[in-house]
Amino acid sequence: MSDFTSGFWNWFIILAVIVSFAAIFWLIKWTAKGKSAKTADGGIESMGHVWDENLEELNNPLPRWWLIMFYITLVFGAGYLVLYPGLGSFKGVLNWSQTNQYDREINQANETYGPIYNKYLNQDIKALVNDADALKIGARLYSTYCTTCHGSDARGVRGFPNLRDNDWLHGGSSENIKTTIMNGRQGMMPAWEEILGNDGAFQVTEYVRSLGGRAVDSVVAYQGKQIFENNCVVCHGADGKGNQALGAPNLTDNIWLYGGTQKQIFQSIAAGRNGIMPAHKEFLGEAKVHLLAAYIYGLSVDENLHK
Amino acid sequence: MASTSHSVNTDSIENVLYEKRQKIYPREVHGLFAYLRIASVIILLGLFYGCAWLQWDGHQALLWDLPARKFYVFGLIFWPQDFVYLAFMLIIAGLSLFFFTALAGRLWCGYACPQTVWTETFLWIERLVEGDRSSQMRLDKAPWSLQKLRIKTVKHTLWIVFSLFTGFTFVGYFTPIQDLTVKIMTFSTGPWETFWVLFYAFATYGNAGWLREQVCKYMCPYARFQSAMFDNDTLVVSYDEKRGEPRGSRNKKLDHKASGLGDCIDCGLCVQVCPTGIDIRQGLQIECISCSACIDACDFVMDNMGYDKGLIRYTTQHDLDGEKTRILRPRIYIYGAVLLTLVAGLSYSIVMRVPLELDIIRDRNQLYRETSDGLIENIYTLKVMNMDNSQHQYRLRAEGIDGLELIIEQPQIIVESGTVADITARLRAEESDLKSRSNKVLFYLEAEDNQELRITKEGRFLGPG
């Protein structure tokens, strides 16, 4: 109602409601004035239809409590309109709205659950790893918020990292994990095709594959190495072992976020990648993120950790 | 039917369609059907008030635990997943209605309906306090005095106490009644418990104390469509007009047939005992709830007069018209057969019910995962629902693809009674073994300690095309 710029609709609705009430009241009074017709000998008149030779409907009077109930509904309706919104933009004496009912429920939930979460928030993540209840909460939070991308077993899929291995793009300490979840991350690999050309990109690809111990054409790989040392070591390190401060992956292991085939690595280099981990600070709040971080940290600490 | 009315006092304002309700004072009646009704009231109320207190296996035998969504019926624990049984029970209830109504009319209304059962109880209390019919009518007509106030207060107090006990028992099927007793004694009932106890108490008091036949006449939809299930071979409470008319009072020793009088002496007892206030001599009417009080009353009078019983009796329209009547007819057989089949079917499926449920939820975000060894992997979350009374350990296996490997994240699948466990499982297969992009796989779950507890569910395994 308050979104309307003109006051016309407000008054239109108020008028419609009041006219309806008046009309219903008048209708009840008018229909109550029928006569309960009687026959000459004082009996009740028949409605006139006959079924099955002798089955009739008599015009018996209706019970008075029906009539009273009708009036009661009008009174109830009027009372409702005083307490709750309905008459145009009048908010009602109780000032009820969907948003403040929601807010009340949220506040009540925070009062109930807040202390539980705060208790865990004050403990170090490394300590929480040994707390079975904390891990259960973490596991449930994980299955609600994280499985869509990282899989219900947390081993990731292409494009979304495996959280159970010990290969961390941005660092696997408990603080790093918590920061990742709180603030999000952006794993941006630039697109090199324009700069290197198709051939150049291919040469780098072969060199990178050789770092992982694959059999490659040594000539092509050597050319790739030159390009690598000029362009890639800035982020990926001189030895290609990555840089957690930048989120640059370790290229020497056999873990490929976007796939480890020749074609997929070429794609990563030539077209670039842009992995986004969303920030959860506003969405979940620090207490829940803290428990999630404990759960994730626990997954890598103990590979056999289960829900 | 004759268009004479039952006695009606219209309002002094002539042109008002609605009339103030006239209170009906049903006269006390004795006889076979009255005893059947009393027996029914005692058995049904006895079951209602008594069964709430039964215990079984450490819990209340009959309990609908709504917050936990578990429904205890003696040794069985039903979960919301079992609601199909309730659906079948309702279908059976519906079919029984058709069956019994086609057979003998409004048996439910007269003998078993809660409205009738509680109204009868309240009438009995009223009779205890105020006396018989004439005493009640005299009291109501009398002006207000201390005596009248005292009597009415006693009656309503007894009614209210009984209603509160009814409300308390009703809620006792949802909150364990022994806990509820303690809570009430210590004034610590929850807001909803308090509300529902008072609500049902109020409903009982209102319906049985005040509304009574108004429910049957104007509120109950059941009442209206029962009549649609009658046919000319249904046993209904009927006045034998041929035998009874012309009615009239006469000397007991008189040979009434010779004087041209029917058996009906026009004593009006059948009208006085009727709880809905009709005159059954006008024929079958919508208000008649088939309580058979008029049968008992008339039989009593017939006995006194030395005539045959049965001037008002259960009979069929065909019989009254002098035609051949058949009570066991195709309709009855068909309803009966269907009813029997459904009851047998439901009993069998409950007895054979396996208290174990398994849901397979496949990770959907990505179609499949490639492992570092090049195998195709699908991830599943399995929900294992242990609906049994005790904890179990289960073993799981999967089939459907050559060389299929199942890896379960948890070392053991142990599920507490009445809980749902989340199990994370992975299936792996060689790409070459996949016959198509979408392959059916079967999961088999079995309890280690009880081979009867097992379930098979189908899942899907997706791979590259």
# chains A, B, ... in the order shown; residues from 1 in each chain; ligands from 1

$ interface_residues --of "chain A" --to "chain B" --cutoff "8 Å" --atoms "only C-alpha atoms" --output "ChimeraX atom specification"
/A:31-36,42-46,54-56,58,61-65,67,148-149,151-153,157-158,254-255,304,306-307

$ residues_around --residues "Ala203 of chain B" --least-positions-apart "4" --cutoff "9 Å" --atoms "only C-alpha atoms" --output "list in words"
Ser163, Gly167, Leu198, Phe199, Asn207 and Ala208 of chain B

$ write_last_selection --atoms "N, CA and C atoms" --output "PDB file, in the first residue's frame"
ATOM      1  N   SER B 163     -16.060 -32.314  31.062  1.00  0.00           N
ATOM      2  CA  SER B 163     -15.507 -31.794  29.804  1.00  0.00           C
ATOM      3  C   SER B 163     -14.006 -31.581  29.918  1.00  0.00           C
ATOM      4  N   GLY B 167     -11.119 -33.149  27.655  1.00  0.00           N
ATOM      5  CA  GLY B 167     -10.079 -32.395  26.957  1.00  0.00           C
ATOM      6  C   GLY B 167      -8.700 -32.879  27.362  1.00  0.00           C
ATOM      7  N   LEU B 198      -8.319 -26.817  26.914  1.00  0.00           N
ATOM      8  CA  LEU B 198      -9.470 -25.947  27.110  1.00  0.00           C
ATOM      9  C   LEU B 198     -10.382 -25.957  25.890  1.00  0.00           C
ATOM     10  N   PHE B 199      -9.782 -25.988  24.706  1.00  0.00           N
ATOM     11  CA  PHE B 199     -10.588 -25.983  23.480  1.00  0.00           C
ATOM     12  C   PHE B 199     -11.480 -27.209  23.422  1.00  0.00           C
ATOM     13  N   ASN B 207     -20.992 -28.824  22.712  1.00  0.00           N
ATOM     14  CA  ASN B 207     -21.707 -29.745  21.839  1.00  0.00           C
ATOM     15  C   ASN B 207     -22.657 -30.657  22.584  1.00  0.00           C
ATOM     16  N   ALA B 208     -22.190 -31.195  23.715  1.00  0.00           N
ATOM     17  CA  ALA B 208     -23.006 -32.174  24.433  1.00  0.00           C
ATOM     18  C   ALA B 208     -23.948 -31.525  25.421  1.00  0.00           C
TER      19      ALA B 208
END

$ select_by_dssp --residues "segment 130-254 of chain A" --states "strand (DSSP E or B)" --output "list in words"
Val157, Phe160, Arg185, Gln186, Gly187, Met188, Met189, Asn243 and Ala248 of chain A

$ residues_around --residues "Pro85 of chain A" --least-positions-apart "4" --cutoff "10 Å" --atoms "only C-alpha atoms" --output "VMD selection string"
chain A and resid 80 to 81 89 to 97

$ write_last_selection --atoms "N, CA and C atoms" --output "compact mmCIF listing (two decimals), in the first residue's frame"
# COMPACT_ATOMS: atom_id res chain seq x y z
N TYR A 80 -11.00 -7.73 13.64
CA TYR A 80 -9.79 -8.07 12.90
C TYR A 80 -9.22 -6.84 12.21
N LEU A 81 -10.10 -6.05 11.60
CA LEU A 81 -9.61 -4.89 10.85
C LEU A 81 -9.04 -3.81 11.75
N SER A 89 -4.12 1.47 3.87
CA SER A 89 -2.76 1.41 4.41
C SER A 89 -2.71 1.49 5.93
N PHE A 90 -3.83 1.39 6.58
CA PHE A 90 -3.85 1.37 8.04
C PHE A 90 -3.14 0.11 8.52
N LYS A 91 -2.15 0.28 9.39
CA LYS A 91 -1.32 -0.88 9.73
C LYS A 91 -1.93 -1.77 10.80
N GLY A 92 -2.98 -1.30 11.41
CA GLY A 92 -3.56 -2.14 12.46
C GLY A 92 -2.90 -1.83 13.80
N VAL A 93 -3.73 -1.93 14.83
CA VAL A 93 -3.26 -1.57 16.17
C VAL A 93 -2.07 -2.41 16.62
N LEU A 94 -2.04 -3.69 16.22
CA LEU A 94 -0.94 -4.56 16.64
C LEU A 94 0.32 -4.36 15.80
N ASN A 95 0.23 -3.55 14.74
CA ASN A 95 1.40 -3.27 13.89
C ASN A 95 2.07 -4.54 13.39
N TRP A 96 1.24 -5.48 12.97
CA TRP A 96 1.79 -6.73 12.48
C TRP A 96 2.19 -6.58 11.02
N SER A 97 3.30 -7.16 10.62
CA SER A 97 3.60 -7.28 9.20
C SER A 97 4.43 -8.54 9.01

$ residues_around --residues "segment 181-193 of chain A" --least-positions-apart "6" --cutoff "8 Å" --atoms "only C-alpha atoms" --output "MDAnalysis selection string"
chainID A and resid 200:201 247:248 268:281 286 289 293

$ write_last_selection --atoms "N, CA and C atoms" --output "PDB file, in the first residue's frame"
ATOM      1  N   GLY A 200      52.813 -20.546 -28.770  1.00  0.00           N
ATOM      2  CA  GLY A 200      53.460 -20.274 -27.492  1.00  0.00           C
ATOM      3  C   GLY A 200      52.711 -20.946 -26.359  1.00  0.00           C
ATOM      4  N   ALA A 201      51.403 -20.825 -26.403  1.00  0.00           N
ATOM      5  CA  ALA A 201      50.597 -21.444 -25.356  1.00  0.00           C
ATOM      6  C   ALA A 201      50.817 -22.948 -25.336  1.00  0.00           C
ATOM      7  N   GLY A 247      47.346 -17.526  -4.487  1.00  0.00           N
ATOM      8  CA  GLY A 247      46.396 -18.543  -4.922  1.00  0.00           C
ATOM      9  C   GLY A 247      46.826 -19.215  -6.202  1.00  0.00           C
ATOM     10  N   ALA A 248      48.092 -19.174  -6.484  1.00  0.00           N
ATOM     11  CA  ALA A 248      48.586 -19.810  -7.703  1.00  0.00           C
ATOM     12  C   ALA A 248      48.914 -21.273  -7.401  1.00  0.00           C
ATOM     13  N   SER A 268      43.362 -23.970 -19.935  1.00  0.00           N
ATOM     14  CA  SER A 268      43.616 -23.127 -18.774  1.00  0.00           C
ATOM     15  C   SER A 268      44.570 -22.003 -19.113  1.00  0.00           C
ATOM     16  N   ILE A 269      45.624 -22.336 -19.875  1.00  0.00           N
ATOM     17  CA  ILE A 269      46.634 -21.327 -20.181  1.00  0.00           C
ATOM     18  C   ILE A 269      46.121 -20.354 -21.235  1.00  0.00           C
ATOM     19  N   ALA A 270      45.557 -20.892 -22.265  1.00  0.00           N
ATOM     20  CA  ALA A 270      45.170 -20.037 -23.389  1.00  0.00           C
ATOM     21  C   ALA A 270      43.974 -19.152 -23.054  1.00  0.00           C
ATOM     22  N   ALA A 271      42.959 -19.721 -22.489  1.00  0.00           N
ATOM     23  CA  ALA A 271      41.733 -18.951 -22.257  1.00  0.00           C
ATOM     24  C   ALA A 271      41.624 -18.410 -20.848  1.00  0.00           C
ATOM     25  N   GLY A 272      42.486 -18.882 -19.946  1.00  0.00           N
ATOM     26  CA  GLY A 272      42.440 -18.400 -18.572  1.00  0.00           C
ATOM     27  C   GLY A 272      41.337 -19.083 -17.775  1.00  0.00           C
ATOM     28  N   ARG A 273      41.349 -18.825 -16.460  1.00  0.00           N
ATOM     29  CA  ARG A 273      40.325 -19.378 -15.567  1.00  0.00           C
ATOM     30  C   ARG A 273      39.927 -18.311 -14.558  1.00  0.00           C
ATOM     31  N   ASN A 274      38.729 -18.434 -14.051  1.00  0.00           N
ATOM     32  CA  ASN A 274      38.286 -17.470 -13.049  1.00  0.00           C
ATOM     33  C   ASN A 274      37.422 -18.208 -12.037  1.00  0.00           C
ATOM     34  N   GLY A 275      38.065 -18.752 -11.009  1.00  0.00           N
ATOM     35  CA  GLY A 275      37.314 -19.490 -10.006  1.00  0.00           C
ATOM     36  C   GLY A 275      36.906 -18.560  -8.878  1.00  0.00           C
ATOM     37  N   ILE A 276      35.656 -18.619  -8.492  1.00  0.00           N
ATOM     38  CA  ILE A 276      35.171 -17.738  -7.428  1.00  0.00           C
ATOM     39  C   ILE A 276      34.713 -18.584  -6.258  1.00  0.00           C
ATOM     40  N   MET A 277      35.265 -18.299  -5.098  1.00  0.00           N
ATOM     41  CA  MET A 277      34.705 -18.856  -3.867  1.00  0.00           C
ATOM     42  C   MET A 277      33.920 -17.714  -3.223  1.00  0.00           C
ATOM     43  N   PRO A 278      32.636 -17.866  -3.049  1.00  0.00           N
ATOM     44  CA  PRO A 278      31.865 -16.743  -2.504  1.00  0.00           C
ATOM     45  C   PRO A 278      32.219 -16.464  -1.045  1.00  0.00           C
ATOM     46  N   ALA A 279      32.035 -15.202  -0.654  1.00  0.00           N
ATOM     47  CA  ALA A 279      32.260 -14.823   0.742  1.00  0.00           C
ATOM     48  C   ALA A 279      31.038 -15.216   1.561  1.00  0.00           C
ATOM     49  N   HIS A 280      31.273 -15.754   2.762  1.00  0.00           N
ATOM     50  CA  HIS A 280      30.159 -16.199   3.596  1.00  0.00           C
ATOM     51  C   HIS A 280      30.017 -15.397   4.872  1.00  0.00           C
ATOM     52  N   LYS A 281      30.781 -14.302   4.965  1.00  0.00           N
ATOM     53  CA  LYS A 281      30.745 -13.551   6.229  1.00  0.00           C
ATOM     54  C   LYS A 281      29.351 -12.993   6.503  1.00  0.00           C
ATOM     55  N   GLU A 286      30.106 -15.086  11.509  1.00  0.00           N
ATOM     56  CA  GLU A 286      31.402 -15.664  11.841  1.00  0.00           C
ATOM     57  C   GLU A 286      31.281 -16.971  12.626  1.00  0.00           C
ATOM     58  N   VAL A 289      30.771 -19.858  10.282  1.00  0.00           N
ATOM     59  CA  VAL A 289      31.964 -20.052   9.455  1.00  0.00           C
ATOM     60  C   VAL A 289      33.069 -20.703  10.280  1.00  0.00           C
ATOM     61  N   ALA A 293      34.884 -24.012   9.233  1.00  0.00           N
ATOM     62  CA  ALA A 293      36.340 -24.064   9.061  1.00  0.00           C
ATOM     63  C   ALA A 293      36.917 -25.219   9.870  1.00  0.00           C
TER      64      ALA A 293
END

$ residues_around --residues "Thr73 of chain A" --least-positions-apart "5" --cutoff "12 Å" --atoms "only C-alpha atoms" --output "list of chain:residue names"
A:Phe21, A:Ile24, A:Phe25, A:Ile28, A:Trp66, A:Leu67, A:Ile68, A:Ala78, A:Gly79, A:Tyr80

$ residues_around --residues "Trp210 of chain B" --least-positions-apart "5" --cutoff "10 Å" --atoms "only C-alpha atoms" --output "list in words"
Lys23, Thr119, Phe122, Thr204, Tyr205 and Val215 of chain B

$ write_last_selection --atoms "N, CA and C atoms" --output "PDB file, in the first residue's frame"
ATOM      1  N   LYS B  23     -35.889 -26.146  23.465  1.00  0.00           N
ATOM      2  CA  LYS B  23     -35.106 -27.201  24.105  1.00  0.00           C
ATOM      3  C   LYS B  23     -35.902 -28.507  24.102  1.00  0.00           C
ATOM      4  N   THR B 119     -23.428 -36.793  24.296  1.00  0.00           N
ATOM      5  CA  THR B 119     -24.727 -36.219  24.647  1.00  0.00           C
ATOM      6  C   THR B 119     -25.475 -37.147  25.588  1.00  0.00           C
ATOM      7  N   PHE B 122     -24.079 -36.682  29.004  1.00  0.00           N
ATOM      8  CA  PHE B 122     -24.495 -35.424  29.605  1.00  0.00           C
ATOM      9  C   PHE B 122     -25.963 -35.467  30.008  1.00  0.00           C
ATOM     10  N   THR B 204     -16.571 -30.019  23.976  1.00  0.00           N
ATOM     11  CA  THR B 204     -17.382 -31.091  24.566  1.00  0.00           C
ATOM     12  C   THR B 204     -18.567 -30.492  25.304  1.00  0.00           C
ATOM     13  N   TYR B 205     -18.275 -29.512  26.158  1.00  0.00           N
ATOM     14  CA  TYR B 205     -19.330 -28.862  26.936  1.00  0.00           C
ATOM     15  C   TYR B 205     -20.370 -28.225  26.017  1.00  0.00           C
ATOM     16  N   VAL B 215     -26.382 -30.113  16.260  1.00  0.00           N
ATOM     17  CA  VAL B 215     -25.262 -30.607  15.471  1.00  0.00           C
ATOM     18  C   VAL B 215     -25.778 -31.573  14.419  1.00  0.00           C
TER      19      VAL B 215
END

$ residues_around --residues "Phe170 of chain B" --least-positions-apart "4" --cutoff "9 Å" --atoms "only C-alpha atoms" --output "PDB file with C-alpha atoms, in the first residue's frame"
ATOM      1  CA  PHE B  48     -11.303 -43.498  24.896  1.00  0.00           C
ATOM      2  CA  TYR B  49     -10.544 -42.716  28.522  1.00  0.00           C
ATOM      3  CA  ALA B  52      -4.627 -43.287  26.967  1.00  0.00           C
ATOM      4  CA  PHE B 165     -11.365 -34.439  31.871  1.00  0.00           C
ATOM      5  CA  THR B 166     -12.311 -35.177  28.273  1.00  0.00           C
ATOM      6  CA  PHE B 174      -0.490 -36.297  21.960  1.00  0.00           C
ATOM      7  CA  TRP B 196      -6.082 -27.598  23.315  1.00  0.00           C
ATOM      8  CA  VAL B 197      -7.241 -28.972  26.667  1.00  0.00           C
ATOM      9  CA  TYR B 200     -11.697 -29.620  23.592  1.00  0.00           C
TER      10      TYR B 200
END

$ select_by_dssp --residues "segment 112-348 of chain B" --states "helix (DSSP H, G or I)" --output "ChimeraX atom specification"
/B:112,114-130,133-141,146-171,177-185,191-211,213-219,221-229,241-244,269-272,280-282,293-305,317-320,330-348

$ closest_residue --among "B:Gly374, B:Glu241, B:Pro221, B:Arg353" --to "Gly259 of chain A" --atoms "only C-alpha atoms"
B:Gly374

$ closest_residue --among "B:Val117, B:Pro191, B:Asn389, B:Asp402" --to "Asp433 of chain B" --atoms "only C-alpha atoms"
B:Asp402

$ closest_residue --among "B:Ala104, B:Ile278, B:Ile407, B:Ile177" --to "Gln55 of chain B" --atoms "only C-alpha atoms"
B:Ile177

$ atom_distance --atom1 "atom CA of Arg164 of chain A" --atom2 "atom CA of Leu141 of chain A"
16.5 Å

$ atom_distance --atom1 "atom CA of Lys136 of chain A" --atom2 "atom CA of Tyr295 of chain A"
8.3 Å

$ closest_residue --among "A:Asp133, A:Asp167, A:Asp103, A:Glu206" --to "Ile116 of chain A" --atoms "only C-alpha atoms"
A:Asp133

$ atom_distance --atom1 "atom CA of Gln81 of chain B" --atom2 "atom CA of Arg69 of chain B"
9.9 Å

$ decode --residues "segment 79-95 of chain B" --atoms "N, CA and C atoms" --output "PDB file, in the first residue's frame"
ATOM      1  N   TRP B  79       6.007 -43.690  10.953  1.00  0.00           N
ATOM      2  CA  TRP B  79       6.608 -42.413  10.582  1.00  0.00           C
ATOM      3  C   TRP B  79       5.711 -41.750   9.535  1.00  0.00           C
ATOM      4  N   PRO B  80       5.980 -40.467   9.249  1.00  0.00           N
ATOM      5  CA  PRO B  80       5.163 -39.829   8.205  1.00  0.00           C
ATOM      6  C   PRO B  80       5.205 -40.581   6.881  1.00  0.00           C
ATOM      7  N   GLN B  81       6.313 -41.300   6.623  1.00  0.00           N
ATOM      8  CA  GLN B  81       6.391 -42.083   5.386  1.00  0.00           C
ATOM      9  C   GLN B  81       5.310 -43.163   5.337  1.00  0.00           C
ATOM     10  N   ASP B  82       4.742 -43.498   6.511  1.00  0.00           N
ATOM     11  CA  ASP B  82       3.726 -44.555   6.544  1.00  0.00           C
ATOM     12  C   ASP B  82       2.317 -44.025   6.386  1.00  0.00           C
ATOM     13  N   PHE B  83       2.179 -42.770   6.006  1.00  0.00           N
ATOM     14  CA  PHE B  83       0.853 -42.181   5.934  1.00  0.00           C
ATOM     15  C   PHE B  83      -0.091 -42.902   4.980  1.00  0.00           C
ATOM     16  N   VAL B  84       0.499 -43.690   4.062  1.00  0.00           N
ATOM     17  CA  VAL B  84      -0.376 -44.422   3.149  1.00  0.00           C
ATOM     18  C   VAL B  84      -1.307 -45.363   3.915  1.00  0.00           C
ATOM     19  N   TYR B  85      -0.838 -45.870   5.075  1.00  0.00           N
ATOM     20  CA  TYR B  85      -1.721 -46.724   5.881  1.00  0.00           C
ATOM     21  C   TYR B  85      -2.923 -45.948   6.373  1.00  0.00           C
ATOM     22  N   LEU B  86      -2.680 -44.700   6.759  1.00  0.00           N
ATOM     23  CA  LEU B  86      -3.790 -43.866   7.215  1.00  0.00           C
ATOM     24  C   LEU B  86      -4.775 -43.639   6.083  1.00  0.00           C
ATOM     25  N   ALA B  87      -4.248 -43.409   4.879  1.00  0.00           N
ATOM     26  CA  ALA B  87      -5.129 -43.220   3.737  1.00  0.00           C
ATOM     27  C   ALA B  87      -6.022 -44.440   3.554  1.00  0.00           C
ATOM     28  N   PHE B  88      -5.410 -45.629   3.652  1.00  0.00           N
ATOM     29  CA  PHE B  88      -6.204 -46.845   3.503  1.00  0.00           C
ATOM     30  C   PHE B  88      -7.193 -47.020   4.632  1.00  0.00           C
ATOM     31  N   MET B  89      -6.794 -46.642   5.840  1.00  0.00           N
ATOM     32  CA  MET B  89      -7.739 -46.739   6.950  1.00  0.00           C
ATOM     33  C   MET B  89      -8.936 -45.847   6.715  1.00  0.00           C
ATOM     34  N   LEU B  90      -8.703 -44.670   6.152  1.00  0.00           N
ATOM     35  CA  LEU B  90      -9.812 -43.768   5.880  1.00  0.00           C
ATOM     36  C   LEU B  90     -10.708 -44.318   4.780  1.00  0.00           C
ATOM     37  N   ILE B  91     -10.082 -44.947   3.777  1.00  0.00           N
ATOM     38  CA  ILE B  91     -10.892 -45.561   2.712  1.00  0.00           C
ATOM     39  C   ILE B  91     -11.749 -46.667   3.303  1.00  0.00           C
ATOM     40  N   ILE B  92     -11.129 -47.467   4.192  1.00  0.00           N
ATOM     41  CA  ILE B  92     -11.896 -48.544   4.828  1.00  0.00           C
ATOM     42  C   ILE B  92     -13.018 -47.959   5.662  1.00  0.00           C
ATOM     43  N   ALA B  93     -12.737 -46.843   6.371  1.00  0.00           N
ATOM     44  CA  ALA B  93     -13.790 -46.206   7.168  1.00  0.00           C
ATOM     45  C   ALA B  93     -14.936 -45.771   6.262  1.00  0.00           C
ATOM     46  N   GLY B  94     -14.591 -45.172   5.133  1.00  0.00           N
ATOM     47  CA  GLY B  94     -15.621 -44.743   4.187  1.00  0.00           C
ATOM     48  C   GLY B  94     -16.456 -45.909   3.694  1.00  0.00           C
ATOM     49  N   LEU B  95     -15.769 -46.999   3.312  1.00  0.00           N
ATOM     50  CA  LEU B  95     -16.503 -48.162   2.805  1.00  0.00           C
ATOM     51  C   LEU B  95     -17.366 -48.807   3.879  1.00  0.00           C
TER      52      LEU B  95
END
